[in-house]
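Peer 1: I have a structure here, written as structure tokens, and I will follow up with some questions on it.
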Amino acid sequence: MASPTQLNCGNLQSIKSDDAVRKIRSEALTADDYDKDDFHDILLLCNDKENNFVQHVGIPSVHCYSKEQLDILKKLIKSQNAVTGYMDATGTLVRKIYKNSKRVLYYVVVVNVPLPRNSSVTCPVVEMISSAHDKVAILQWLNAFKAFVLKHKLTWPVFTNIVTDFSYTQMNALCIGWNGFISIFDYLNWCYRVLVKNNDGSNVTIINICANHYTKIIVNHVYTHFQSESNDSNTVEKIKINNVIDWICLLFNAKSLDDIENWFKIFSLILLSPCSTGNTKNAINTMRDKFNVNHQLSNELNDEGKEYSEEINKFLCESDTSNS
């Protein structure tokens with residue numbers, strides 16, 4: 001590589017191209033590989049007696065976790081009343097073995113580990129690389145990790161909560177593999193009994209939906225649903241769409257079934273009423289008040305939106321309810 005002195009003197013001959021830099025980086029990353037072939041490399045790594053990370057290599061999945069990662073969980077369990085894991089999958093960190101092979105994803109459950117000075121670091125504790133993304137593949141991975149935990153004399157469950165995206169396959173596998181339910185519907189029935197009948201809610205890992213993923217789904221759906229409403233000004237369109245999104249997101253702050261039931265009645269009244277009435281106006285005002293109280297923010301309608309209140313009310317209570 002060219003030194004700063006050479007560059008200042010105008011000597012540019014030693015500057016590497018982008019392709020050269022990428023090749024150097026690739027060679028450095030693969031310097032310790034057992035084999036140039038990705039599958040052979042990880043298979044040899046699994047068979048290495050000094051390896052304690054790659055636990056299973058097969059088709060279509062590779063399972064990775066270690067005692068060191070388990071030690072992280074042990075320390076968190078001792079220092080915290082609740083341990084939350086975050087489960088996700090991505091295709092940006094792995095590559096296909098062959099161009100025509102199936103899509104390969106990296107699955108991981110991570111935890112936040114506290115550090116001094118109120119900081120923290122995100123650590124993976126159980127990982128998988130897989131070209132299969134169905135319930136069976138994910139369930140085998142979760143069951144294998146559970147067996148690994150029990151083998152090392154830890155009490156199950158080790159996670160109080162698991163946060164995941166809106167993947168039905170992941171949630172269903174978590175319900176079966178880590179909680180012992182027949183299906184996600186069995187788990188939901190258990191949740192209802194805990195909330196309504198005060199059944200015992202211990203010894204089960206609670207599954208939470210990631211608010212960021214869910215909010216993205218809500219925003220995309222609302223914008224798509226109201227996209228055909230193009231007669232209104234941009235300001236009115238923006239305000240009414242933002243209102244609907246804000247009101248749906250109020251569910252994230254619900255603390256009881258009564259709160260959820262109350263929200264559902266108000267929201268249904270607003271969207272399903274055939275015409276504007278005093279009840280619908282009161283319902284809209286109630287939703288706005290709830291949003292302001294929960295988020296401590298000034299509602300956009302309090303400023304530029306005042307003059308559009310009647311138009312928004314009319315929009316939300318259209319006579320044609322077939323699209324609601």
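Ordering of the structure tokens sets the chain letters (A, B, ...), residue numbers begin anew at 1 in every chain, and ligands are numbered from 1 in the order given.
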Counting only C-alpha atoms, what is within 6 Å of range 199-212 of chain A, bar same-chain residues fewer than 6 positions away, as a VMD selection string?
Peer 2: chain A and resid 159 to 165 179 193
Peer 1: To one decimal place in Å, what is the distance between CA of Tyr187 in chain A and CA of Val219 in chain A?
Peer 2: 27.5 Å
Peer 1: Rounded to one decimal in Å, what is the spacing between CA of Ile129 in chain A and CA of Val62 in chain A?
Peer 2: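 Distance reported for this atom pair: 5.1 Å.
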Peer 1: Please measure the separation of CA of Tyr86 in chain A and CA of Val111 in chain A, giving the value in Å to one decimal.
Peer 2: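 A separation of 6.4 Å between them.
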